[in-house]
file entry28.pdb (PDB, C-alpha atoms and all ligand atoms)
ATOM      1  CA  MET A  73       0.000   0.000   0.000  1.00  0.00           C
ATOM      2  CA  SER A  74       1.403   3.379  -0.879  1.00  0.00           C
ATOM      3  CA  VAL A  75       1.497   6.047   1.790  1.00  0.00           C
ATOM      4  CA  VAL A  76      -0.218   9.231   0.734  1.00  0.00           C
ATOM      5  CA  PRO A  77       0.536  12.100   3.078  1.00  0.00           C
ATOM      6  CA  SER A  78      -1.903  14.812   4.064  1.00  0.00           C
ATOM      7  CA  LEU A  79      -2.782  16.863   1.091  1.00  0.00           C
ATOM      8  CA  LEU A  80      -3.540  20.523   1.144  1.00  0.00           C
ATOM      9  CA  VAL A  81      -5.461  22.002  -1.715  1.00  0.00           C
ATOM     10  CA  LEU A  82      -5.265  25.742  -2.138  1.00  0.00           C
ATOM     11  CA  LEU A  83      -8.112  27.403  -3.905  1.00  0.00           C
ATOM     12  CA  PHE A  84      -6.593  30.591  -5.215  1.00  0.00           C
ATOM     13  CA  ILE A  85      -9.164  33.188  -6.045  1.00  0.00           C
ATOM     14  CA  HIS A  86      -8.106  35.674  -8.672  1.00  0.00           C
ATOM     15  CA  THR A  87     -10.384  38.622  -8.180  1.00  0.00           C
ATOM     16  CA  ALA A  88      -9.262  40.275 -11.420  1.00  0.00           C
ATOM     17  CA  ASP A  89     -10.660  37.631 -13.716  1.00  0.00           C
ATOM     18  CA  LEU A  90     -12.902  35.814 -11.216  1.00  0.00           C
ATOM     19  CA  CYS A  91     -11.362  32.497 -12.040  1.00  0.00           C
ATOM     20  CA  ARG A  92     -10.235  29.904  -9.530  1.00  0.00           C
ATOM     21  CA  THR A  93      -7.404  27.484  -9.847  1.00  0.00           C
ATOM     22  CA  LEU A  94      -6.824  24.358  -7.856  1.00  0.00           C
ATOM     23  CA  LYS A  95      -3.334  23.653  -6.690  1.00  0.00           C
ATOM     24  CA  PRO A  96      -2.653  20.542  -4.651  1.00  0.00           C
ATOM     25  CA  VAL A  97       0.237  20.974  -2.241  1.00  0.00           C
ATOM     26  CA  LYS A  98       1.511  17.765  -0.712  1.00  0.00           C
ATOM     27  CA  ASN A  99       2.921  17.592   2.801  1.00  0.00           C
ATOM     28  CA  HIS A 100       1.484  20.926   3.863  1.00  0.00           C
ATOM     29  CA  VAL A 101      -1.145  21.751   6.402  1.00  0.00           C
ATOM     30  CA  LEU A 102      -2.841  24.997   7.282  1.00  0.00           C
ATOM     31  CA  ILE A 103      -3.502  25.270  10.977  1.00  0.00           C
ATOM     32  CA  GLY A 104      -5.366  27.577  13.323  1.00  0.00           C
ATOM     33  CA  HIS A 105      -7.700  28.822  10.602  1.00  0.00           C
ATOM     34  CA  VAL A 106     -10.229  26.045  10.362  1.00  0.00           C
ATOM     35  CA  ILE A 107     -13.783  27.279   9.732  1.00  0.00           C
ATOM     36  CA  LYS A 108     -15.401  23.888   9.502  1.00  0.00           C
ATOM     37  CA  THR A 109     -14.426  20.211   9.815  1.00  0.00           C
ATOM     38  CA  MET A 110     -16.128  17.336   8.026  1.00  0.00           C
ATOM     39  CA  GLN A 111     -15.424  13.666   8.654  1.00  0.00           C
ATOM     40  CA  GLU A 112     -15.676  11.003   5.957  1.00  0.00           C
ATOM     41  CA  SER A 113     -15.317  13.471   3.146  1.00  0.00           C
ATOM     42  CA  SER A 114     -13.936  13.189  -0.354  1.00  0.00           C
ATOM     43  CA  PHE A 115     -11.815  15.527  -2.434  1.00  0.00           C
ATOM     44  CA  GLU A 116     -14.869  16.606  -4.448  1.00  0.00           C
ATOM     45  CA  ILE A 117     -17.145  17.234  -1.474  1.00  0.00           C
ATOM     46  CA  CYS A 118     -14.445  19.061   0.428  1.00  0.00           C
ATOM     47  CA  THR A 119     -13.499  21.420  -2.407  1.00  0.00           C
ATOM     48  CA  TYR A 120     -17.189  21.944  -3.252  1.00  0.00           C
ATOM     49  CA  HIS A 121     -17.878  23.140   0.300  1.00  0.00           C
ATOM     50  CA  CYS A 122     -14.914  25.461   0.038  1.00  0.00           C
ATOM     51  CA  GLU A 123     -16.268  27.007  -3.141  1.00  0.00           C
ATOM     52  CA  LEU A 124     -19.640  27.572  -1.469  1.00  0.00           C
ATOM     53  CA  ASP A 125     -18.036  29.508   1.382  1.00  0.00           C
ATOM     54  CA  ASP A 126     -16.843  33.058   0.604  1.00  0.00           C
ATOM     55  CA  LYS A 127     -14.306  32.962   3.418  1.00  0.00           C
ATOM     56  CA  CYS A 128     -12.724  29.696   2.328  1.00  0.00           C
ATOM     57  CA  PHE A 129      -9.157  30.054   1.105  1.00  0.00           C
ATOM     58  CA  SER A 130      -8.007  26.460   1.230  1.00  0.00           C
ATOM     59  CA  VAL A 131      -8.891  22.991   2.426  1.00  0.00           C
ATOM     60  CA  ASN A 132      -6.853  20.399   4.291  1.00  0.00           C
ATOM     61  CA  ILE A 133      -7.660  16.910   3.100  1.00  0.00           C
ATOM     62  CA  TYR A 134      -6.280  14.096   5.235  1.00  0.00           C
ATOM     63  CA  THR A 135      -5.985  11.282   2.768  1.00  0.00           C
ATOM     64  CA  LYS A 136      -5.639   8.582   5.427  1.00  0.00           C
ATOM     65  CA  THR A 137      -8.579   9.561   7.620  1.00  0.00           C
ATOM     66  CA  ARG A 138     -10.755  11.285   4.972  1.00  0.00           C
ATOM     67  CA  LYS A 139     -11.191  14.305   7.203  1.00  0.00           C
ATOM     68  CA  CYS A 140     -11.765  17.621   5.455  1.00  0.00           C
ATOM     69  CA  GLU A 141     -10.993  21.029   6.990  1.00  0.00           C
ATOM     70  CA  ILE A 142     -12.110  24.288   5.433  1.00  0.00           C
ATOM     71  CA  ASN A 143      -9.775  27.181   6.198  1.00  0.00           C
ATOM     72  CA  TYR A 144      -9.494  30.924   6.266  1.00  0.00           C
ATOM     73  CA  GLY A 145      -6.528  32.189   4.312  1.00  0.00           C
ATOM     74  CA  THR A 146      -2.948  32.266   5.431  1.00  0.00           C
ATOM     75  CA  LEU A 147       0.277  30.545   4.510  1.00  0.00           C
ATOM     76  CA  PRO A 148       0.426  26.804   5.155  1.00  0.00           C
ATOM     77  CA  LEU A 149       3.082  25.008   7.154  1.00  0.00           C
ATOM     78  CA  GLU A 150       5.355  22.620   5.328  1.00  0.00           C
ATOM     79  CA  ALA A 151       5.900  19.245   6.952  1.00  0.00           C
ATOM     80  CA  LEU A 152       9.448  17.937   7.243  1.00  0.00           C
ATOM     81  CA  GLY A 153       7.906  14.616   6.264  1.00  0.00           C
ATOM     82  CA  ILE A 154       7.712  12.140   9.138  1.00  0.00           C
ATOM     83  CA  GLU A 155       4.252  11.164   7.912  1.00  0.00           C
ATOM     84  CA  ASP A 156       5.737  10.519   4.473  1.00  0.00           C
ATOM     85  CA  ASP A 157       8.308   7.749   4.856  1.00  0.00           C
ATOM     86  CA  ASN A 158       9.958   8.713   1.580  1.00  0.00           C
ATOM     87  CA  LYS A 159      11.121  11.935   3.218  1.00  0.00           C
ATOM     88  CA  ILE A 160      12.161  11.003   6.735  1.00  0.00           C
ATOM     89  CA  PHE A 161      13.498   7.482   6.785  1.00  0.00           C
ATOM     90  CA  ASP A 162      12.988   4.897   9.493  1.00  0.00           C
ATOM     91  CA  GLY A 163      16.641   5.247  10.489  1.00  0.00           C
ATOM     92  CA  GLN A 164      16.137   8.895  11.428  1.00  0.00           C
ATOM     93  CA  LEU A 165      13.589   7.893  14.076  1.00  0.00           C
ATOM     94  CA  THR A 166      15.092   6.281  17.179  1.00  0.00           C
ATOM     95  CA  SER A 167      14.153   5.822  20.813  1.00  0.00           C
ATOM     96  CA  SER A 168      15.808   4.864  24.048  1.00  0.00           C
ATOM     97  CA  SER A 169      13.184   2.188  24.638  1.00  0.00           C
ATOM     98  CA  ALA A 170      10.389   0.614  22.601  1.00  0.00           C
ATOM     99  CA  HIS A 171       7.861  -2.168  22.966  1.00  0.00           C
ATOM    100  CA  VAL A 172       8.057  -4.849  20.287  1.00  0.00           C
ATOM    101  CA  GLY A 173       5.626  -3.738  17.566  1.00  0.00           C
ATOM    102  CA  TYR A 174       5.822  -0.095  18.725  1.00  0.00           C
ATOM    103  CA  GLU A 175       9.260   0.891  17.408  1.00  0.00           C
ATOM    104  CA  ALA A 176      10.196   4.524  16.868  1.00  0.00           C
ATOM    105  CA  TRP A 177       9.760   4.301  13.086  1.00  0.00           C
ATOM    106  CA  ARG A 178       6.057   3.614  13.676  1.00  0.00           C
ATOM    107  CA  GLY A 179       5.575   7.000  15.344  1.00  0.00           C
ATOM    108  CA  ARG A 180       4.441   8.732  12.156  1.00  0.00           C
ATOM    109  CA  LEU A 181       1.477  11.136  12.199  1.00  0.00           C
ATOM    110  CA  HIS A 182      -1.752   9.452  11.034  1.00  0.00           C
ATOM    111  CA  GLY A 183       0.030   6.085  10.976  1.00  0.00           C
ATOM    112  CA  GLN A 184      -1.658   2.845  11.910  1.00  0.00           C
ATOM    113  CA  GLY A 185       0.881   2.189  14.670  1.00  0.00           C
ATOM    114  CA  SER A 186       2.671   4.364  17.209  1.00  0.00           C
ATOM    115  CA  TRP A 187       5.808   4.520  19.318  1.00  0.00           C
ATOM    116  CA  LYS A 188       5.509   3.177  22.857  1.00  0.00           C
ATOM    117  CA  PRO A 189       8.376   2.836  25.315  1.00  0.00           C
ATOM    118  CA  VAL A 190       8.557  -0.192  27.584  1.00  0.00           C
ATOM    119  CA  LYS A 191       6.383   0.303  30.666  1.00  0.00           C
ATOM    120  CA  ASN A 192       8.209   1.831  33.633  1.00  0.00           C
ATOM    121  CA  TYR A 193      11.277   2.651  31.527  1.00  0.00           C
ATOM    122  CA  LEU A 194      12.800   5.608  33.323  1.00  0.00           C
ATOM    123  CA  SER A 195      12.786   8.848  31.303  1.00  0.00           C
ATOM    124  CA  PRO A 196      12.355   7.500  27.748  1.00  0.00           C
ATOM    125  CA  SER A 197      13.258   9.656  24.753  1.00  0.00           C
ATOM    126  CA  TYR A 198      12.094   9.706  21.136  1.00  0.00           C
ATOM    127  CA  ASN A 199      14.585  11.210  18.704  1.00  0.00           C
ATOM    128  CA  VAL A 200      14.405  12.561  15.188  1.00  0.00           C
ATOM    129  CA  SER A 201      17.841  13.118  13.671  1.00  0.00           C
ATOM    130  CA  PHE A 202      19.022  14.896  10.534  1.00  0.00           C
ATOM    131  CA  PRO A 203      22.464  13.460   9.745  1.00  0.00           C
ATOM    132  CA  TYR A 204      22.983  15.121   6.365  1.00  0.00           C
ATOM    133  CA  SER A 205      21.354  18.501   6.898  1.00  0.00           C
ATOM    134  CA  THR A 206      19.949  20.805   9.522  1.00  0.00           C
ATOM    135  CA  VAL A 207      16.340  21.878   9.797  1.00  0.00           C
ATOM    136  CA  ASN A 208      14.290  24.671  11.280  1.00  0.00           C
ATOM    137  CA  ILE A 209      11.233  23.659  13.271  1.00  0.00           C
ATOM    138  CA  THR A 210       8.297  26.004  13.913  1.00  0.00           C
ATOM    139  CA  TYR A 211       5.610  23.515  14.913  1.00  0.00           C
ATOM    140  CA  ILE A 212       5.377  19.995  16.227  1.00  0.00           C
ATOM    141  CA  ALA A 213       2.187  17.951  15.795  1.00  0.00           C
ATOM    142  CA  THR A 214       1.385  14.989  18.055  1.00  0.00           C
ATOM    143  CA  GLN A 215      -1.180  12.199  18.331  1.00  0.00           C
ATOM    144  CA  GLY A 216      -1.543   9.255  20.711  1.00  0.00           C
ATOM    145  CA  ALA A 217      -1.850   5.553  19.925  1.00  0.00           C
ATOM    146  CA  PRO A 218      -4.517   4.794  17.283  1.00  0.00           C
ATOM    147  CA  THR A 219      -6.048   1.713  18.915  1.00  0.00           C
ATOM    148  CA  GLU A 220      -5.664   2.117  22.691  1.00  0.00           C
ATOM    149  CA  ASP A 221      -6.081   4.821  25.308  1.00  0.00           C
ATOM    150  CA  CYS A 222      -2.444   5.853  25.524  1.00  0.00           C
ATOM    151  CA  TRP A 223      -1.053   9.321  24.831  1.00  0.00           C
ATOM    152  CA  MET A 224       1.396  11.881  26.232  1.00  0.00           C
ATOM    153  CA  THR A 225      -0.333  14.607  28.236  1.00  0.00           C
ATOM    154  CA  SER A 226       2.849  16.711  28.446  1.00  0.00           C
ATOM    155  CA  PHE A 227       6.401  16.573  27.176  1.00  0.00           C
ATOM    156  CA  LYS A 228       9.699  18.415  27.045  1.00  0.00           C
ATOM    157  CA  LEU A 229      12.145  18.862  24.176  1.00  0.00           C
ATOM    158  CA  GLN A 230      15.884  18.774  23.856  1.00  0.00           C
ATOM    159  CA  TYR A 231      17.701  19.583  20.644  1.00  0.00           C
ATOM    160  CA  ARG A 232      21.200  19.458  19.257  1.00  0.00           C
ATOM    161  CA  ILE A 233      22.201  22.279  16.983  1.00  0.00           C
ATOM    162  CA  GLN A 234      24.888  22.412  14.378  1.00  0.00           C
ATOM    163  CA  ASP A 235      27.748  23.240  16.716  1.00  0.00           C
ATOM    164  CA  GLY A 236      27.027  20.107  18.699  1.00  0.00           C
ATOM    165  CA  SER A 237      25.667  21.403  21.982  1.00  0.00           C
ATOM    166  CA  LEU A 238      22.540  19.795  23.430  1.00  0.00           C
ATOM    167  CA  LYS A 239      19.980  22.356  24.577  1.00  0.00           C
ATOM    168  CA  ASP A 240      16.788  22.243  26.568  1.00  0.00           C
ATOM    169  CA  TYR A 241      13.640  23.830  25.189  1.00  0.00           C
ATOM    170  CA  LEU A 242      12.551  25.605  28.326  1.00  0.00           C
ATOM    171  CA  GLN A 243       8.785  25.162  28.385  1.00  0.00           C
ATOM    172  CA  THR A 244       6.958  21.947  29.125  1.00  0.00           C
ATOM    173  CA  ILE A 245       4.508  21.447  26.251  1.00  0.00           C
ATOM    174  CA  ALA A 246       0.915  20.305  26.839  1.00  0.00           C
ATOM    175  CA  GLY A 247       0.286  17.101  24.903  1.00  0.00           C
ATOM    176  CA  ASN A 248      -2.786  15.217  23.708  1.00  0.00           C
ATOM    177  CA  THR A 249      -6.236  14.617  25.155  1.00  0.00           C
ATOM    178  CA  ASP A 250      -7.308  11.563  23.155  1.00  0.00           C
ATOM    179  CA  ARG A 251      -5.977   8.932  20.741  1.00  0.00           C
ATOM    180  CA  ASN A 252      -6.345  10.607  17.376  1.00  0.00           C
ATOM    181  CA  THR A 253      -6.860  14.369  17.516  1.00  0.00           C
ATOM    182  CA  VAL A 254      -3.786  16.073  16.072  1.00  0.00           C
ATOM    183  CA  ILE A 255      -2.523  18.810  18.385  1.00  0.00           C
ATOM    184  CA  TYR A 256      -0.241  21.412  16.798  1.00  0.00           C
ATOM    185  CA  HIS A 257       2.254  22.952  19.187  1.00  0.00           C
ATOM    186  CA  PRO A 258       3.975  26.171  18.095  1.00  0.00           C
ATOM    187  CA  LEU A 259       7.615  26.417  19.155  1.00  0.00           C
ATOM    188  CA  LYS A 260       8.355  29.911  20.366  1.00  0.00           C
ATOM    189  CA  PRO A 261      11.062  30.676  19.590  1.00  0.00           C
ATOM    190  CA  ALA A 262      11.303  28.388  16.563  1.00  0.00           C
ATOM    191  CA  LEU A 263      14.299  26.052  16.583  1.00  0.00           C
ATOM    192  CA  THR A 264      16.929  26.715  13.915  1.00  0.00           C
ATOM    193  CA  GLY A 265      19.842  24.627  12.674  1.00  0.00           C
ATOM    194  CA  VAL A 266      18.595  21.451  14.341  1.00  0.00           C
ATOM    195  CA  LYS A 267      20.519  18.163  13.879  1.00  0.00           C
ATOM    196  CA  LEU A 268      18.591  16.208  16.533  1.00  0.00           C
ATOM    197  CA  LEU A 269      15.244  16.743  18.214  1.00  0.00           C
ATOM    198  CA  SER A 270      14.548  14.688  21.306  1.00  0.00           C
ATOM    199  CA  ILE A 271      11.063  14.346  22.762  1.00  0.00           C
ATOM    200  CA  ARG A 272      10.970  13.587  26.469  1.00  0.00           C
ATOM    201  CA  PRO A 273       7.514  12.564  27.713  1.00  0.00           C
ATOM    202  CA  SER A 274       6.720  14.122  31.126  1.00  0.00           C
ATOM    203  CA  SER A 275       3.250  12.678  31.753  1.00  0.00           C
ATOM    204  CA  SER A 276       0.772  10.428  30.030  1.00  0.00           C
ATOM    205  CA  HIS A 277      -2.780   9.112  29.996  1.00  0.00           C
ATOM    206  CA  GLY A 278      -2.525   5.338  30.255  1.00  0.00           C
ATOM    207  CA  CYS A 279       0.807   4.427  28.760  1.00  0.00           C
ATOM    208  CA  ILE A 280       3.062   6.757  26.783  1.00  0.00           C
ATOM    209  CA  ALA A 281       2.409   6.641  23.022  1.00  0.00           C
ATOM    210  CA  LEU A 282       3.312   9.017  20.219  1.00  0.00           C
ATOM    211  CA  ARG A 283       2.783   9.729  16.537  1.00  0.00           C
ATOM    212  CA  LEU A 284       4.275  12.984  15.299  1.00  0.00           C
ATOM    213  CA  GLU A 285       5.156  15.385  12.498  1.00  0.00           C
ATOM    214  CA  LEU A 286       7.457  18.401  12.431  1.00  0.00           C
ATOM    215  CA  TYR A 287       6.948  21.573  10.379  1.00  0.00           C
ATOM    216  CA  LYS A 288       9.443  24.050   8.878  1.00  0.00           C
TER     217      LYS A 288
HETATM  218  C1  LIG A 301      18.260  10.701  22.010  1.00  0.00           C
HETATM  219  O1  LIG A 301      18.648  12.010  22.386  1.00  0.00           O
HETATM  220  C2  LIG A 301      19.151  12.106  23.703  1.00  0.00           C
HETATM  221  C3  LIG A 301      19.333  13.583  23.992  1.00  0.00           C
HETATM  222  O2  LIG A 301      18.138  14.122  24.483  1.00  0.00           O
HETATM  223  C4  LIG A 301      20.424  11.300  23.800  1.00  0.00           C
HETATM  224  O3  LIG A 301      20.934  11.376  25.111  1.00  0.00           O
HETATM  225  C5  LIG A 301      20.101   9.854  23.453  1.00  0.00           C
HETATM  226  O4  LIG A 301      21.305   9.097  23.429  1.00  0.00           O
HETATM  227  C6  LIG A 301      19.434   9.737  22.102  1.00  0.00           C
HETATM  228  N1  LIG A 301      18.988   8.347  21.947  1.00  0.00           N
HETATM  229  C7  LIG A 301      18.818   7.727  20.778  1.00  0.00           C
HETATM  230  C8  LIG A 301      18.408   6.306  20.826  1.00  0.00           C
HETATM  231  O5  LIG A 301      18.988   8.291  19.708  1.00  0.00           O
HETATM  232  C1  LIG A 302      16.654  28.413   9.157  1.00  0.00           C
HETATM  233  O1  LIG A 302      16.454  29.697   9.678  1.00  0.00           O
HETATM  234  C2  LIG A 302      17.606  30.520   9.526  1.00  0.00           C
HETATM  235  C3  LIG A 302      17.392  31.799  10.338  1.00  0.00           C
HETATM  236  O2  LIG A 302      16.071  32.281  10.239  1.00  0.00           O
HETATM  237  C4  LIG A 302      17.809  30.776   8.033  1.00  0.00           C
HETATM  238  O3  LIG A 302      18.938  31.600   7.825  1.00  0.00           O
HETATM  239  C5  LIG A 302      18.034  29.434   7.350  1.00  0.00           C
HETATM  240  O4  LIG A 302      18.123  29.595   5.948  1.00  0.00           O
HETATM  241  C6  LIG A 302      16.901  28.455   7.657  1.00  0.00           C
HETATM  242  N1  LIG A 302      17.290  27.130   7.175  1.00  0.00           N
HETATM  243  C7  LIG A 302      16.470  26.333   6.517  1.00  0.00           C
HETATM  244  C8  LIG A 302      17.015  24.980   6.155  1.00  0.00           C
HETATM  245  O5  LIG A 302      15.336  26.656   6.195  1.00  0.00           O
END
call {"tool": "encode", "arguments": {"input": "entry28.pdb", "output": "structure tokens"}}
result
Amino acid sequence: MSVVPSLLVLLFIHTADLCRTLKPVKNHVLIGHVIKTMQESSFEICTYHCELDDKCFSVNIYTKTRKCEINYGTLPLEALGIEDDNKIFDGQLTSSSAHVGYEAWRGRLHGQGSWKPVKNYLSPSYNVSFPYSTVNITYIATQGAPTEDCWMTSFKLQYRIQDGSLKDYLQTIAGNTDRNTVIYHPLKPALTGVKLLSIRPSSSHGCIALRLELYK
């Protein structure tokens, strides 16, 4: 089965000639501007509802879950590509501890599995590394386990930047509240020149479980 990442479709409205063009943009998501959410939607229904709504600028279509979000206009965020395993490879996802069947490479947003450390493992970490480049990170998106009541309710971050020093992101970040809702966490300040991002769960509901994506 091929993995199709979230797809964002921008409906550009050219007021001069009153024509609209459709431009699919893979691996992007527009957040914080959702007017309306529809479950079990299709590309056609989703874009049709956008055209009916004067305020609609774009739609987010989640190809795995068939959820449709209708958005007000602004610039979308570009995913680094954890959800898309052609972009961030399994080897870039590691953890200090993992249950069999819940390895770090399974911790991809909207995936059918998740990462889960071994129960009672002291201070587990989930790492995303960028051996051949550095990245800037403005947002992190998290979900819990898809098939059981396990998710992080708060977490901390550490990151290694180009010069090699490991730094703490100072705030503790509030996590998830259920299995599947994607929570987008803005990083303020954004992280620049990152070689390694390490997620350190601080608290959880049930066991610790994680699916994630990072955004430029
Ligand atoms: C993950 O990153 C931490 C730094 O927070 C480091 O100490 C640890 O060795 C890394 N573990 C793996 C498995 O990459
Ligand atoms: C990261 O941000 C810095 C500072 O804003 C910028 O100079 C650099 O080009 C960015 N790097 C990438 C890979 O986007």
call {"tool": "atom_distance", "arguments": {"input": "entry28.pdb", "atom1": "atom CA of Leu286 of chain A", "atom2": "atom CA of Leu152 of chain A"}}
result
5.6 Å
call {"tool": "resolve_selection", "arguments": {"input": "entry28.pdb", "expression": "the PyMOL selection byres (((chain A and resi 231) around 10) and not hetatm)", "output": "compact mmCIF listing (two decimals) with C-alpha atoms, in the coordinates of the input"}}
result
# COMPACT_ATOMS: atom_id res chain seq x y z
CA ASN A 199 14.58 11.21 18.70
CA VAL A 200 14.40 12.56 15.19
CA SER A 201 17.84 13.12 13.67
CA LEU A 229 12.14 18.86 24.18
CA GLN A 230 15.88 18.77 23.86
CA ARG A 232 21.20 19.46 19.26
CA ILE A 233 22.20 22.28 16.98
CA GLN A 234 24.89 22.41 14.38
CA GLY A 236 27.03 20.11 18.70
CA SER A 237 25.67 21.40 21.98
CA LEU A 238 22.54 19.80 23.43
CA LYS A 239 19.98 22.36 24.58
CA ASP A 240 16.79 22.24 26.57
CA TYR A 241 13.64 23.83 25.19
CA LEU A 263 14.30 26.05 16.58
CA THR A 264 16.93 26.72 13.92
CA GLY A 265 19.84 24.63 12.67
CA VAL A 266 18.60 21.45 14.34
CA LYS A 267 20.52 18.16 13.88
CA LEU A 268 18.59 16.21 16.53
CA LEU A 269 15.24 16.74 18.21
CA SER A 270 14.55 14.69 21.31
CA ILE A 271 11.06 14.35 22.76
call {"tool": "atom_distance", "arguments": {"input": "entry28.pdb", "atom1": "atom CA of Lys228 of chain A", "atom2": "atom CA of Asn99 of chain A"}}
result
25.2 Å
call {"tool": "closest_residue", "arguments": {"input": "entry28.pdb", "among": "A:Glu112, A:Asp221, A:Glu175, A:Asp250", "to": "Thr137 of chain A", "atoms": "all atoms listed in the file"}}
result
A:Glu112
call {"tool": "closest_residue", "arguments": {"input": "entry28.pdb", "among": "A:Ser130, A:Thr219, A:Thr225, A:Gln243", "to": "Lys260 of chain A", "atoms": "all atoms listed in the file"}}
result
A:Gln243
call {"tool": "closest_atom_pairs", "arguments": {"input": "entry28.pdb", "of": "chain A", "to": "ligand LIG 302 (chain A)", "cutoff": "8 Å", "atoms": "only C-alpha atoms and all ligand atoms", "output": "JSON lines"}}
result
{"residue": "A:Ser205", "atom": "CA", "partner": "A:LIG302", "partner_atom": "C8", "distance": 7.8}
{"residue": "A:Thr206", "atom": "CA", "partner": "A:LIG302", "partner_atom": "C8", "distance": 6.1}
{"residue": "A:Val207", "atom": "CA", "partner": "A:LIG302", "partner_atom": "C8", "distance": 4.8}
{"residue": "A:Asn208", "atom": "CA", "partner": "A:LIG302", "partner_atom": "C1", "distance": 4.9}
{"residue": "A:Thr264", "atom": "CA", "partner": "A:LIG302", "partner_atom": "C1", "distance": 5.1}
{"residue": "A:Gly265", "atom": "CA", "partner": "A:LIG302", "partner_atom": "C1", "distance": 6.1}
{"residue": "A:Lys288", "atom": "CA", "partner": "A:LIG302", "partner_atom": "O5", "distance": 7.0}
call {"tool": "residues_around", "arguments": {"input": "entry28.pdb", "residues": "segment 159-169 of chain A", "least_positions_apart": "6", "cutoff": "6 Å", "atoms": "all atoms listed in the file", "output": "PyMOL selection string"}}
result
chain A and resi 153+176-177+189-190+196-201
call {"tool": "closest_residue", "arguments": {"input": "entry28.pdb", "among": "A:Tyr211, A:Phe202, A:Tyr256, A:Trp223", "to": "ligand LIG 301 (chain A)", "atoms": "all atoms listed in the file"}}
result
A:Phe202
call {"tool": "closest_residue", "arguments": {"input": "entry28.pdb", "among": "A:Thr249, A:Ser195, A:Asn158, A:Asn132", "to": "ligand LIG 301 (chain A)", "atoms": "all atoms listed in the file"}}
result
A:Ser195
call {"tool": "closest_residue", "arguments": {"input": "entry28.pdb", "among": "A:Val131, A:Ile117, A:Leu242, A:Leu149", "to": "Val101 of chain A", "atoms": "all atoms listed in the file"}}
result
A:Leu149
call {"tool": "resolve_selection", "arguments": {"input": "entry28.pdb", "expression": "the PyMOL selection byres (((chain A and resi 179) around 10) and not hetatm)", "output": "NGL selection string"}}
result
:A and (154-155 or 162 or 165-166 or 174-178 or 180-188 or 198 or 214-217 or 281-285)
call {"tool": "atom_distance", "arguments": {"input": "entry28.pdb", "atom1": "atom C5 of ligand LIG 301 (chain A)", "atom2": "atom CA of Ile280 of chain A"}}
result
17.6 Å
call {"tool": "axis_aligned_box", "arguments": {"input": "entry28.pdb", "around": "ligand LIG 301 (chain A)", "padding_each_side": "5 Å", "output": "lines of an AutoDock Vina configuration file"}}
result
center_x = 19.7
center_y = 10.2
center_z = 22.4
size_x = 13.2
size_y = 17.8
size_z = 15.4
call {"tool": "resolve_selection", "arguments": {"input": "entry28.pdb", "expression": "the PyMOL selection byres (((chain A and resi 122) around 10) and not hetatm)", "output": "PyMOL selection string"}}
result
chain A and resi 82-83+107-108+116-121+123-131+141-144
